[in-house]
Structure formats: C-alpha cells, structure tokens
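Coordinates from work-v3.cif are shown below (mmCIF, C-alpha atoms).
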```
data_model
loop_
_atom_site.label_atom_id
_atom_site.label_comp_id
_atom_site.auth_asym_id
_atom_site.auth_seq_id
_atom_site.Cartn_x
_atom_site.Cartn_y
_atom_site.Cartn_z
CA MET Z 1 0.00 0.00 0.00
CA LEU Z 2 3.00 2.32 -0.15
CA THR Z 3 2.89 4.55 -3.22
CA ASN Z 4 5.80 6.09 -5.08
CA SER Z 5 4.92 9.39 -3.40
CA ASP Z 6 5.11 7.67 -0.01
CA LEU Z 7 8.57 6.33 -0.75
CA ILE Z 8 9.81 9.70 -2.01
CA GLU Z 9 8.51 11.45 1.11
CA LEU Z 10 9.77 8.76 3.49
CA THR Z 11 13.21 8.76 1.87
CA ALA Z 12 13.42 12.53 2.19
CA PHE Z 13 12.46 12.33 5.86
CA ARG Z 14 15.03 9.56 6.46
CA ARG Z 15 17.72 11.79 5.01
CA GLN Z 16 16.53 14.70 7.14
CA LEU Z 17 16.94 12.53 10.23
CA HIS Z 18 20.36 11.47 8.99
CA ARG Z 19 21.48 15.11 8.78
CA HIS Z 20 20.51 15.80 12.39
CA PRO Z 21 21.67 12.86 14.54
CA GLU Z 22 21.33 12.84 18.32
CA VAL Z 23 23.14 10.36 20.54
CA SER Z 24 21.69 8.29 23.39
CA GLY Z 25 19.77 10.37 25.91
CA GLU Z 26 19.81 13.48 23.73
CA GLU Z 27 17.10 12.58 21.19
CA ALA Z 28 14.74 15.49 21.97
CA GLU Z 29 14.56 16.97 18.46
CA THR Z 30 14.41 13.57 16.79
CA ALA Z 31 11.51 12.63 19.07
CA ARG Z 32 9.70 15.87 18.24
CA ALA Z 33 10.10 15.24 14.51
CA ILE Z 34 8.78 11.69 14.88
CA ALA Z 35 5.82 12.80 17.00
CA ALA Z 36 4.90 15.41 14.39
CA ALA Z 37 5.06 12.83 11.61
CA LEU Z 38 2.87 10.46 13.63
CA ASP Z 39 0.23 13.13 14.23
CA THR Z 40 -0.46 13.25 10.48
CA LEU Z 41 -1.42 9.55 10.61
CA ALA Z 42 -4.22 10.16 13.14
CA PRO Z 43 -3.31 7.42 15.63
CA THR Z 44 -5.63 6.75 18.55
CA LYS Z 45 -3.05 8.18 20.93
CA VAL Z 46 0.59 9.28 20.98
CA LEU Z 47 2.70 8.94 24.12
CA THR Z 48 5.88 11.01 24.47
CA GLY Z 49 8.68 11.14 27.00
CA LEU Z 50 8.72 7.38 27.52
CA GLY Z 51 11.89 6.34 29.32
CA GLY Z 52 13.45 9.65 28.35
CA HIS Z 53 12.61 10.73 24.80
CA GLY Z 54 10.65 7.66 23.71
CA VAL Z 55 7.57 8.09 21.50
CA ALA Z 56 4.78 5.55 21.00
CA ALA Z 57 1.80 5.73 18.65
CA ILE Z 58 -1.23 3.55 19.40
CA PHE Z 59 -3.57 2.43 16.61
CA ASP Z 60 -6.51 0.87 18.45
CA SER Z 61 -9.17 -1.04 16.49
CA GLY Z 62 -11.65 -0.73 19.35
CA ILE Z 63 -12.18 -4.48 19.20
CA GLU Z 64 -10.69 -6.80 21.79
CA GLY Z 65 -7.50 -8.46 20.69
CA PRO Z 66 -3.75 -8.58 21.30
CA THR Z 67 -1.38 -5.62 21.36
CA VAL Z 68 1.38 -5.94 18.76
CA LEU Z 69 4.37 -3.64 19.26
CA PHE Z 70 6.91 -2.78 16.56
CA ARG Z 71 10.10 -1.08 17.68
CA ALA Z 72 12.62 1.30 16.14
CA GLU Z 73 15.43 3.30 17.77
CA LEU Z 74 15.90 7.08 17.93
CA ASP Z 75 19.59 7.43 18.74
CA ALA Z 76 22.73 7.91 16.67
CA LEU Z 77 26.38 7.24 17.49
CA PRO Z 78 29.34 9.45 18.53
CA ILE Z 79 31.11 8.82 15.20
CA GLN Z 80 32.31 11.37 12.65
CA GLU Z 81 30.72 10.53 9.31
CA LEU Z 82 33.10 10.15 6.34
CA ASN Z 83 30.49 9.79 3.58
CA ASP Z 84 30.37 12.46 0.87
CA ILE Z 85 26.60 12.55 0.35
CA PRO Z 86 24.12 15.45 0.20
CA TRP Z 87 22.45 14.29 3.41
CA LYS Z 88 25.68 13.86 5.36
CA SER Z 89 25.48 14.49 9.12
CA GLU Z 90 25.59 18.19 9.96
CA VAL Z 91 26.57 17.50 13.58
CA ALA Z 92 30.31 17.17 14.20
CA GLY Z 93 31.29 13.85 15.73
CA LYS Z 94 27.77 12.35 15.57
CA SER Z 95 26.08 10.26 12.89
CA HIS Z 96 23.53 7.53 12.15
CA MET Z 97 26.04 4.74 11.60
CA CYS Z 98 23.77 1.94 12.86
CA GLY Z 99 20.77 2.41 10.60
CA HIS Z 100 18.41 3.75 13.22
CA ASP Z 101 17.31 6.55 10.89
CA GLY Z 102 16.12 3.87 8.47
CA HIS Z 103 14.49 1.83 11.21
CA MET Z 104 12.41 4.84 12.23
CA ILE Z 105 11.24 5.33 8.65
CA GLN Z 106 10.24 1.67 8.28
CA LEU Z 107 8.00 2.15 11.31
CA LEU Z 108 6.50 5.35 9.91
CA ALA Z 109 5.84 3.51 6.65
CA LEU Z 110 3.96 0.86 8.62
CA GLY Z 111 2.01 3.65 10.31
CA ARG Z 112 0.91 4.97 6.93
CA MET Z 113 -0.40 1.55 5.94
CA ILE Z 114 -2.23 0.95 9.23
CA SER Z 115 -3.68 4.45 9.10
CA ARG Z 116 -5.17 3.79 5.67
CA GLU Z 117 -6.43 0.30 6.43
CA PRO Z 118 -6.89 -0.28 10.18
CA VAL Z 119 -6.45 -3.67 11.77
CA GLY Z 120 -9.50 -5.80 12.48
CA LYS Z 121 -8.90 -6.32 16.19
CA GLY Z 122 -6.49 -5.42 18.97
CA ARG Z 123 -3.89 -2.67 18.77
CA VAL Z 124 -0.74 -1.80 16.84
CA VAL Z 125 1.89 0.15 18.76
CA LEU Z 126 4.75 1.91 16.98
CA MET Z 127 7.48 2.25 19.62
CA PHE Z 128 10.33 4.70 18.92
CA GLN Z 129 12.80 3.87 21.65
CA PRO Z 130 15.59 6.13 22.95
CA ALA Z 131 19.11 5.19 24.03
CA GLU Z 132 19.53 1.80 22.40
CA GLU Z 133 23.24 2.28 21.81
CA ASP Z 134 24.15 2.38 25.50
CA GLY Z 135 21.71 -0.34 26.53
CA SER Z 136 19.64 1.88 28.81
CA GLY Z 137 16.68 2.77 26.60
CA ALA Z 138 14.53 -0.36 26.53
CA ARG Z 139 14.80 -0.82 30.30
CA ALA Z 140 13.85 2.82 30.85
CA VAL Z 141 10.85 2.56 28.53
CA VAL Z 142 9.54 -0.64 30.11
CA ALA Z 143 10.07 0.81 33.62
CA ASP Z 144 8.16 3.99 32.76
CA PRO Z 145 4.69 3.95 34.42
CA GLU Z 146 3.18 5.10 31.10
CA TYR Z 147 4.38 1.88 29.44
CA ALA Z 148 1.46 0.06 31.09
CA GLN Z 149 -0.77 1.70 28.46
CA ILE Z 150 1.04 -0.16 25.68
CA GLN Z 151 2.10 -3.38 27.36
CA ALA Z 152 2.55 -5.72 24.41
CA ASP Z 153 1.49 -9.30 23.83
CA TRP Z 154 3.78 -9.49 20.80
CA ALA Z 155 6.87 -7.42 19.94
CA PHE Z 156 8.92 -7.29 16.74
CA ALA Z 157 11.94 -5.38 15.45
CA VAL Z 158 13.95 -5.30 12.24
CA HIS Z 159 17.62 -4.36 12.35
CA VAL Z 160 19.68 -3.89 9.22
CA GLU Z 161 22.63 -6.27 9.37
CA PRO Z 162 25.38 -6.00 6.71
CA GLY Z 163 26.95 -9.18 5.36
CA ARG Z 164 23.61 -10.57 4.23
CA PRO Z 165 22.18 -10.38 0.68
CA PHE Z 166 19.95 -7.40 -0.03
CA GLY Z 167 16.45 -7.97 1.30
CA HIS Z 168 17.38 -11.29 2.93
CA VAL Z 169 16.43 -11.81 6.59
CA SER Z 170 18.25 -13.88 9.20
CA THR Z 171 16.34 -14.93 12.29
CA ARG Z 172 15.88 -17.89 14.60
CA ALA Z 173 14.12 -18.96 17.76
CA GLY Z 174 16.36 -18.65 20.81
CA LEU Z 175 19.43 -16.52 21.33
CA MET Z 176 19.91 -13.69 18.82
CA ASN Z 177 22.21 -11.25 20.63
CA CYS Z 178 24.43 -11.79 23.65
CA ALA Z 179 24.07 -10.01 26.94
CA SER Z 180 26.92 -7.56 27.48
CA ARG Z 181 28.04 -5.22 30.23
CA GLY Z 182 30.73 -2.60 30.53
CA LEU Z 183 32.46 -2.85 33.91
CA LYS Z 184 34.65 0.08 34.93
CA ILE Z 185 37.21 -0.84 37.60
CA GLN Z 186 38.82 2.05 39.48
CA LEU Z 187 41.95 1.42 41.56
CA GLN Z 188 43.14 4.09 43.98
CA GLY Z 189 46.51 4.18 45.69
CA LYS Z 190 48.90 7.06 46.34
CA THR Z 191 51.21 8.98 44.03
CA ALA Z 192 54.88 9.51 44.82
CA HIS Z 193 57.93 11.06 43.23
CA ALA Z 194 59.28 8.78 40.54
CA ALA Z 195 62.61 8.80 42.39
CA ASP Z 196 60.92 7.44 45.54
CA PRO Z 197 58.15 5.08 44.33
CA GLU Z 198 58.24 3.19 47.63
CA ALA Z 199 56.68 6.28 49.27
CA GLY Z 200 53.47 5.73 47.29
CA ILE Z 201 51.10 2.92 46.45
CA SER Z 202 51.19 2.18 42.73
CA PRO Z 203 48.42 0.25 40.94
CA ALA Z 204 50.78 -0.85 38.16
CA ARG Z 205 51.45 -4.33 39.54
CA ALA Z 206 47.75 -4.88 40.27
CA VAL Z 207 46.82 -3.91 36.71
CA ALA Z 208 49.47 -6.24 35.32
CA GLN Z 209 48.04 -9.08 37.41
CA LEU Z 210 44.40 -8.28 36.75
CA ILE Z 211 44.39 -8.11 32.95
CA PRO Z 212 45.29 -11.79 32.34
CA VAL Z 213 42.98 -12.89 35.17
CA LEU Z 214 40.08 -11.06 33.52
CA ASP Z 215 40.96 -12.51 30.11
CA ASP Z 216 40.92 -16.01 31.55
CA LEU Z 217 37.36 -15.56 32.83
CA GLY Z 218 35.97 -15.67 29.29
CA GLN Z 219 37.72 -16.82 26.15
CA GLY Z 220 34.70 -16.89 23.83
CA GLY Z 221 34.18 -20.07 21.85
CA PRO Z 222 30.88 -21.53 20.62
CA LEU Z 223 27.77 -19.47 21.29
CA ASP Z 224 26.18 -22.08 23.53
CA ASP Z 225 25.00 -21.94 27.16
CA GLU Z 226 28.61 -21.87 28.37
CA PHE Z 227 29.68 -18.90 26.26
CA ARG Z 228 31.70 -16.30 28.17
CA LEU Z 229 33.82 -13.55 26.65
CA VAL Z 230 35.80 -10.92 28.55
CA THR Z 231 37.47 -8.11 26.60
CA VAL Z 232 39.70 -5.49 28.21
CA THR Z 233 39.01 -2.37 26.13
CA HIS Z 234 40.86 0.43 27.94
CA VAL Z 235 43.52 0.84 30.60
CA GLN Z 236 44.92 4.02 32.12
CA ILE Z 237 47.59 4.14 34.82
CA GLY Z 238 48.65 7.44 36.35
CA GLU Z 239 49.50 10.49 34.28
CA PRO Z 240 51.58 10.74 31.07
CA THR Z 241 54.70 12.01 32.83
CA PHE Z 242 58.11 10.67 33.86
CA GLY Z 243 58.30 12.37 37.25
CA ILE Z 244 55.39 10.82 39.13
CA ALA Z 245 54.87 7.22 40.19
CA PRO Z 246 51.17 6.45 39.53
CA GLY Z 247 48.56 6.48 42.27
CA ALA Z 248 45.42 5.52 40.34
CA ALA Z 249 44.31 3.33 37.48
CA VAL Z 250 41.17 2.62 35.49
CA ILE Z 251 40.32 -0.55 33.58
CA PHE Z 252 37.37 -0.85 31.18
CA VAL Z 253 36.28 -4.42 30.56
CA THR Z 254 33.36 -5.72 28.49
CA LEU Z 255 31.65 -8.89 29.67
CA ARG Z 256 29.56 -11.04 27.29
CA THR Z 257 27.39 -14.07 27.98
CA SER Z 258 24.65 -15.98 26.19
CA ALA Z 259 22.12 -15.48 29.01
CA ASP Z 260 21.30 -12.88 31.65
CA PRO Z 261 21.85 -15.10 34.73
CA ALA Z 262 25.32 -16.01 33.45
CA MET Z 263 26.12 -12.30 33.21
CA GLU Z 264 25.53 -11.82 36.92
CA SER Z 265 27.84 -14.74 37.68
CA LEU Z 266 30.58 -13.45 35.37
CA ASP Z 267 30.29 -9.92 36.75
CA GLN Z 268 30.64 -11.20 40.32
CA ALA Z 269 33.67 -13.30 39.42
CA ALA Z 270 35.39 -10.30 37.82
CA ARG Z 271 34.69 -8.14 40.86
CA ASN Z 272 35.89 -10.80 43.30
CA PHE Z 273 39.23 -11.25 41.53
CA ALA Z 274 39.71 -7.49 41.28
CA LYS Z 275 38.94 -7.01 44.99
CA THR Z 276 41.39 -9.75 45.98
CA ILE Z 277 44.21 -8.26 43.93
CA ALA Z 278 43.43 -4.74 45.17
CA ASN Z 279 43.50 -5.89 48.80
CA GLU Z 280 46.79 -7.71 48.30
CA THR Z 281 48.40 -4.58 46.88
CA GLY Z 282 46.94 -2.05 49.34
CA LEU Z 283 44.61 -0.35 46.88
CA GLU Z 284 41.07 0.94 47.25
CA ILE Z 285 38.70 -0.28 44.55
CA GLY Z 286 35.40 0.83 43.03
CA PHE Z 287 33.12 -0.39 40.25
CA THR Z 288 30.56 1.21 37.94
CA VAL Z 289 28.42 -0.41 35.25
CA HIS Z 290 27.95 1.04 31.75
CA ASP Z 291 26.37 -0.07 28.45
CA ASP Z 292 24.39 -2.84 30.15
CA PHE Z 293 22.53 -4.98 27.59
CA ALA Z 294 20.21 -7.88 28.32
CA ALA Z 295 20.40 -10.92 26.06
CA SER Z 296 18.02 -10.74 23.09
CA ILE Z 297 16.20 -14.07 22.84
CA ASN Z 298 13.55 -14.75 20.21
CA ASN Z 299 10.34 -16.43 21.32
CA LYS Z 300 9.50 -19.45 19.14
CA ASP Z 301 5.88 -18.45 18.54
CA ALA Z 302 6.87 -14.91 17.52
CA THR Z 303 9.63 -16.24 15.29
CA ASP Z 304 7.19 -18.61 13.60
CA VAL Z 305 4.77 -15.73 12.98
CA ALA Z 306 7.55 -13.62 11.45
CA ILE Z 307 8.81 -16.43 9.24
CA ALA Z 308 5.29 -17.22 8.00
CA ALA Z 309 4.78 -13.53 7.20
CA MET Z 310 8.04 -13.32 5.25
CA ASN Z 311 7.30 -16.51 3.35
CA ALA Z 312 3.88 -15.15 2.42
CA ILE Z 313 5.34 -12.02 0.81
CA GLY Z 314 8.39 -13.67 -0.71
CA VAL Z 315 11.12 -12.37 1.60
CA ALA Z 316 13.98 -14.89 1.66
CA ASN Z 317 15.00 -15.90 5.19
CA ASN Z 318 17.12 -18.37 7.14
CA ASP Z 319 19.24 -18.48 10.31
CA THR Z 320 22.63 -17.73 8.73
CA ASP Z 321 25.32 -16.24 11.01
CA LEU Z 322 23.19 -16.46 14.13
CA PRO Z 323 23.32 -15.97 17.03
CA MET Z 324 25.56 -12.90 17.26
CA ARG Z 325 28.08 -11.81 19.88
CA ALA Z 326 27.04 -8.19 19.43
CA SER Z 327 24.33 -6.87 21.76
CA GLU Z 328 20.92 -5.28 21.22
CA ASP Z 329 18.58 -4.11 23.95
CA PHE Z 330 15.37 -5.19 22.17
CA GLY Z 331 15.42 -8.33 24.32
CA VAL Z 332 13.95 -6.33 27.21
CA PHE Z 333 10.64 -6.06 25.34
CA GLY Z 334 10.57 -9.85 25.29
CA TRP Z 335 10.53 -10.12 29.08
CA HIS Z 336 6.74 -9.77 29.09
CA ALA Z 337 5.81 -10.34 25.44
CA LYS Z 338 6.37 -12.87 22.68
CA ALA Z 339 9.19 -11.10 20.83
CA ALA Z 340 11.32 -11.63 17.74
CA MET Z 341 14.20 -9.69 16.19
CA LEU Z 342 14.85 -9.93 12.43
CA CYS Z 343 18.19 -9.08 10.77
CA LEU Z 344 17.65 -7.53 7.33
CA GLY Z 345 20.47 -7.60 4.80
CA PRO Z 346 21.56 -4.50 2.84
CA GLY Z 347 24.03 -6.47 0.70
CA GLU Z 348 26.88 -8.84 1.37
CA ASP Z 349 29.59 -6.23 0.70
CA TYR Z 350 27.82 -3.32 2.35
CA ALA Z 351 29.67 -1.13 4.86
CA ALA Z 352 29.62 -2.55 8.39
CA LEU Z 353 27.56 -1.05 11.19
CA HIS Z 354 29.34 1.56 13.31
CA ASN Z 355 31.73 2.28 10.43
CA PRO Z 356 32.11 5.98 9.49
CA ASP Z 357 31.10 5.26 5.87
CA TYR Z 358 27.80 3.50 6.64
CA ASP Z 359 24.47 4.84 5.38
CA PHE Z 360 21.08 3.12 5.53
CA PRO Z 361 20.01 1.93 2.04
CA ASP Z 362 16.67 3.60 1.31
CA ASP Z 363 15.59 0.74 -0.97
CA LEU Z 364 15.09 -1.33 2.20
CA ILE Z 365 12.27 0.92 3.46
CA PRO Z 366 9.49 -0.97 1.61
CA VAL Z 367 11.02 -4.34 2.51
CA GLY Z 368 11.14 -3.82 6.27
CA SER Z 369 7.75 -2.11 6.40
CA ALA Z 370 6.14 -4.88 4.32
CA ILE Z 371 7.37 -7.50 6.81
CA PHE Z 372 5.91 -5.49 9.68
CA GLU Z 373 2.63 -4.96 7.86
CA ARG Z 374 2.16 -8.64 7.06
CA ILE Z 375 2.90 -9.60 10.69
CA ALA Z 376 0.29 -7.10 11.85
CA ARG Z 377 -2.32 -8.44 9.41
CA ASP Z 378 -1.61 -12.05 10.27
CA LEU Z 379 -2.09 -11.36 13.98
CA LEU Z 380 -4.82 -8.70 13.86
CA GLY Z 381 -6.50 -8.95 10.44
CA ARG Z 382 -8.10 -6.07 8.58
CA ALA Z 383 -11.01 -3.83 9.45
#
```

In structure tokens, what does this structure look like?
Amino acid sequence: MLTNSDLIELTAFRRQLHRHPEVSGEEAETARAIAAALDTLAPTKVLTGLGGHGVAAIFDSGIEGPTVLFRAELDALPIQELNDIPWKSEVAGKSHMCGHDGHMIQLLALGRMISREPVGKGRVVLMFQPAEEDGSGARAVVADPEYAQIQADWAFAVHVEPGRPFGHVSTRAGLMNCASRGLKIQLQGKTAHAADPEAGISPARAVAQLIPVLDDLGQGGPLDDEFRLVTVTHVQIGEPTFGIAPGAAVIFVTLRTSADPAMESLDQAARNFAKTIANETGLEIGFTVHDDFAASINNKDATDVAIAAMNAIGVANNDTDLPMRASEDFGVFGWHAKAAMLCLGPGEDYAALHNPDYDFPDDLIPVGSAIFERIARDLLGRA
C-alpha cells in the first residue's frame, strides 16, 4: 500500500533525520520530529517522553485483541561521518552509523499503511525507543509507568545487518544477541615522586596481574549456554609524565554471555578477583556499570509468525550467522511479550555497522515495512 509518493517522502524524511543525529539520551529533536510525523497519521493516541525521549503511537481497532508492538530506535552514534553525500550528518562527531534513521522510517511507513487500512482487532503500537546504543533505553521505557498503556502481547523489530544479501532476513528462535556489560574498575593508591616510588602505592602491579585474570574468565568459543567472553578495552595508569609514580588506574572491561543469569555470575567473578588483587596490593577499589545490555532471545511463537509472514510475501529468510556476539537491547521487550528480532540484509559487501562510511540503504524501506505490515495483518486482520 505504499505509493511512489510515499517512498519519495519517506526517503526525504530519512535523510533529514540522517542530517541531524542525536546520541543516546539526547534525542529530543528527533523525538519531536517523529511525533509530528505520527500526528499526520491520526493514531488513537501518541505517548511522548517514555523512558526519556521515547515516542509511541497507538492504533486501536476498538475491538478486543492482542497488542502488537513494533520497535525502532531514535539514537545515533558518537562517530564522525566520512560519507560524501548530500544528506551527510551536519553535527560534528555524531552520525547515524547503525541504521536507526532507516528503522524509524520503516516504522513510519507501517504507520501509513495501518492508518489507511486499520487492523481488524487489537492494537498496533509503533514504539520509537531512545538510548539503544548504550543499553539503557529499553529498560527505561519498560520501567516507565506510562508503558502500562502499551504493554505488548507481541513485539517485533527489524535491524539492518550487513553481510547478508539485499532484502534477505536472518532470524531464529532462541538466542539472537548476547548479553553484554561494561564494567569500569577504578583502583586508587597514592602517588609519589618517581625517584621514591616506595613512598606511594602504585596500581601498576595490580593492573598487570588483573588483565590476564580477567581474560581467563571468558575466552569466547561456541555461542552455547557456556559462552563467556571478557574483553579489556581500555587501561589508564597514572599520568603521562616521567616524574610521578602512579597512584590511580582505570580498567574498562566488556563482559559477554549468552544469558542474563550467566552475566551476573561473570560480573561477580570479575569483581571478586579485582577485589582480591586490590586488597593484596593495598589499593582501594570501586566499580561502575555502563552499556548494560540484556540478552536478546527470540520467542518461538513470535519467530514462527515472522517467518510465516516473510514466506507469504516472498522475503527470503534463514538463520545464517546467528546468534551474534554483538548486543541489542530489544530483548527487554521480550521479558513480558512474545518477541522476535529480524536481521535484514543490505548487501553482502555493504559497509559494516558503526563504520564511518555506513548509510542506511533507502531501498530497504518498503522491505522492512512490508514485513511489519504482514505480521500485523496475520495477527490482527483487517477492518
């Protein structure tokens, strides 16, 4: 039901969003633009400010039935775009390098179709979620008291995933994306003159001991129930000078597991080893958590619905290259709903996500929105 005029308008809006990216927690203008676009579709209700800057449009048939939620993300990344295109990011150091601008447009395209031909029962919810890139957005949305108005029975999302043929979808029941957590370890001792290091308490030896211990906690391997991966991503000891023996250090470490309970166990193990080493070397220690993502696990019933919908409209699909080590916070919506994530290919040789030369391929807009629309019809029918 999308016309050529629709696609021209939606492509132009996608490129407008691309020019004006906002990173996690800062999506105020993006949310306003989305809310304005939704108002033209005459939804039953629009909720704003969900979990920060989240926006949700409700299309209610008025007839009892399930609530089917479709999710897109509002946020961009802190990456300087290198593309030479007319719609290049106009914000220094920020860009839509993960396709979220395109995801938003696919949802708006679905909104146009539902607006023109309402569903026969239940409700469709278009959920534009903030702060996906740091893992905080889905949790904040679900924890928002207003979310009770749109509590879903089913939830679906499409994420563009390079490395797959154009228009080809990868999905499966079970694990799709690993849980991951950024653990910041802060070690505090005492500085001293470099000529008298014994007068201070240096964290250097503790850091040297801790890095291999952390590495040994998770070496990766097959993505089964035992999967654990620990990656030290940043280390800083003291100041960049030759005259001062260091008195503080910071270690950033990313923890990955195939399930949420395993994450808690891995996190505790990392903290326990760090505390032991800090105590043995006379250091104070502190921890903070960042970029905390739940595992994204597809429900079998939801996956079956999505696969049937894709087969019905001729979208090729399989479970190639799944599950993935990379994280995605969509899994939170599956805590209380039957949920499924679909990975949509832009081309096998397409630029990778989070690369400075990535740009969402506009030709995917009708593909992703058609998948959503068929899922909605299969679950809710037509008026």

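From CA of Pro78 (chain Z) back to CA of Ala259 (chain Z), the distance works out to 28.0 Å.
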
Could you give me, as CSV, every region 64-177 of chain Z residue with an atom at most 8 Å from region 355-371 of chain Z, plus its closest atom pair and distance in Å to one decimal, counting only C-alpha atoms, rows ordered by chain then number?
```
residue,atom,partner,partner_atom,distance
Z:Ile79,CA,Z:Pro356,CA,6.5
Z:Gln80,CA,Z:Pro356,CA,6.3
Z:Glu81,CA,Z:Pro356,CA,4.8
Z:Leu82,CA,Z:Asp357,CA,5.3
Z:Asn83,CA,Z:Asp357,CA,5.1
Z:His96,CA,Z:Asp359,CA,7.3
Z:Met97,CA,Z:Tyr358,CA,5.4
Z:Cys98,CA,Z:Tyr358,CA,7.6
Z:Gly99,CA,Z:Phe360,CA,5.1
Z:Asp101,CA,Z:Phe360,CA,7.4
Z:Gly102,CA,Z:Phe360,CA,5.8
Z:Ile105,CA,Z:Ile365,CA,6.9
Z:Gln106,CA,Z:Ser369,CA,4.9
Z:Leu107,CA,Z:Ser369,CA,6.5
Z:Ala109,CA,Z:Ser369,CA,5.9
Z:Leu110,CA,Z:Ser369,CA,5.3
Z:Val158,CA,Z:Gly368,CA,6.8
Z:Gly167,CA,Z:Val367,CA,6.6
```

Return as a Markdown table the residues of region 64-178 of chain Z lying at most 10 Å from region 36-43 of chain Z, together with the closest atom-to-atom pair for each and the distance in Å to one decimal, counting all atoms listed in the file, with rows in chain order and ascending residue number.
```
| residue | atom | partner | partner_atom | distance |
| --- | --- | --- | --- | --- |
| Z:Leu108 | CA | Z:Leu38 | CA | 7.3 |
| Z:Gly111 | CA | Z:Leu41 | CA | 6.8 |
| Z:Arg112 | CA | Z:Leu41 | CA | 6.3 |
| Z:Met113 | CA | Z:Leu41 | CA | 9.3 |
| Z:Ile114 | CA | Z:Leu41 | CA | 8.7 |
| Z:Ser115 | CA | Z:Leu41 | CA | 5.8 |
| Z:Arg116 | CA | Z:Leu41 | CA | 8.5 |
| Z:Val124 | CA | Z:Pro43 | CA | 9.6 |
| Z:Val125 | CA | Z:Pro43 | CA | 9.5 |
| Z:Leu126 | CA | Z:Leu38 | CA | 9.4 |
```

Need to verify the contact set: Ala269 (chain Z), 12 Å, all atoms listed in the file, exclusion of same-chain residues closer than 3 positions in sequence. Can you return it as an MDAnalysis selection string? chainID Z and resid 183 213:218 228 230 255 262:266 272:276

Could you write out that same residue set with C-alpha atoms as a CSV table (one decimal), keeping the file's coordinate frame?
```csv
chain,number,residue,atom,x,y,z
Z,183,LEU,CA,32.5,-2.8,33.9
Z,213,VAL,CA,43.0,-12.9,35.2
Z,214,LEU,CA,40.1,-11.1,33.5
Z,215,ASP,CA,41.0,-12.5,30.1
Z,216,ASP,CA,40.9,-16.0,31.6
Z,217,LEU,CA,37.4,-15.6,32.8
Z,218,GLY,CA,36.0,-15.7,29.3
Z,228,ARG,CA,31.7,-16.3,28.2
Z,230,VAL,CA,35.8,-10.9,28.6
Z,255,LEU,CA,31.6,-8.9,29.7
Z,262,ALA,CA,25.3,-16.0,33.4
Z,263,MET,CA,26.1,-12.3,33.2
Z,264,GLU,CA,25.5,-11.8,36.9
Z,265,SER,CA,27.8,-14.7,37.7
Z,266,LEU,CA,30.6,-13.4,35.4
Z,272,ASN,CA,35.9,-10.8,43.3
Z,273,PHE,CA,39.2,-11.2,41.5
Z,274,ALA,CA,39.7,-7.5,41.3
Z,275,LYS,CA,38.9,-7.0,45.0
Z,276,THR,CA,41.4,-9.8,46.0
```

Between CA of Ile185 (chain Z) and CA of Pro212 (chain Z), measure the distance and give it in Å to one decimal. 14.6 Å

One number please: CA of Glu284 (chain Z) to CA of Arg181 (chain Z), in Å, one decimal. 22.3 Å

Nearest to Ala35 (chain Z): which of Z:His20, Z:Asn4, Z:Ile58, Z:Lys94 is it, counting all atoms listed in the file? Z:Ile58

Once the PyMOL selection byres ((chain Z and resi 332-339) around 7) has been applied to the shown file, what residues remain in the selection, as number ranges by chain? Z: 138-139, 152-156, 294, 298-299, 301-302, 329-331, 340-341

Taking the file as shown, find all residues satisfying the PyMOL selection byres ((chain Z and resi 238-243) around 12) and write them as a ChimeraX atom specification. /Z:186-197,201-204,207,235-237,244-251

Output the residue selection produced by the PyMOL selection byres ((chain Z and resi 50) around 10) on the file above, formatted as a VMD selection string. chain Z and resid 47 to 49 51 to 56 127 to 130 137 to 138 140 to 147

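When all atoms listed in the file are used to measure the gap to Glu132 (chain Z), the shortest distance among Z:Asn177, Z:Ser24, Z:Gln16, Z:Thr233 belongs to Z:Ser24.
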
Could you please give me, as a PyMOL selection string, the residues of protein, DNA or RNA lying at most 10 Å from (26.5, -6.3, 1.4) in the coordinate frame of the file, considering only C-alpha atoms? chain Z and resi 161-166+345-352
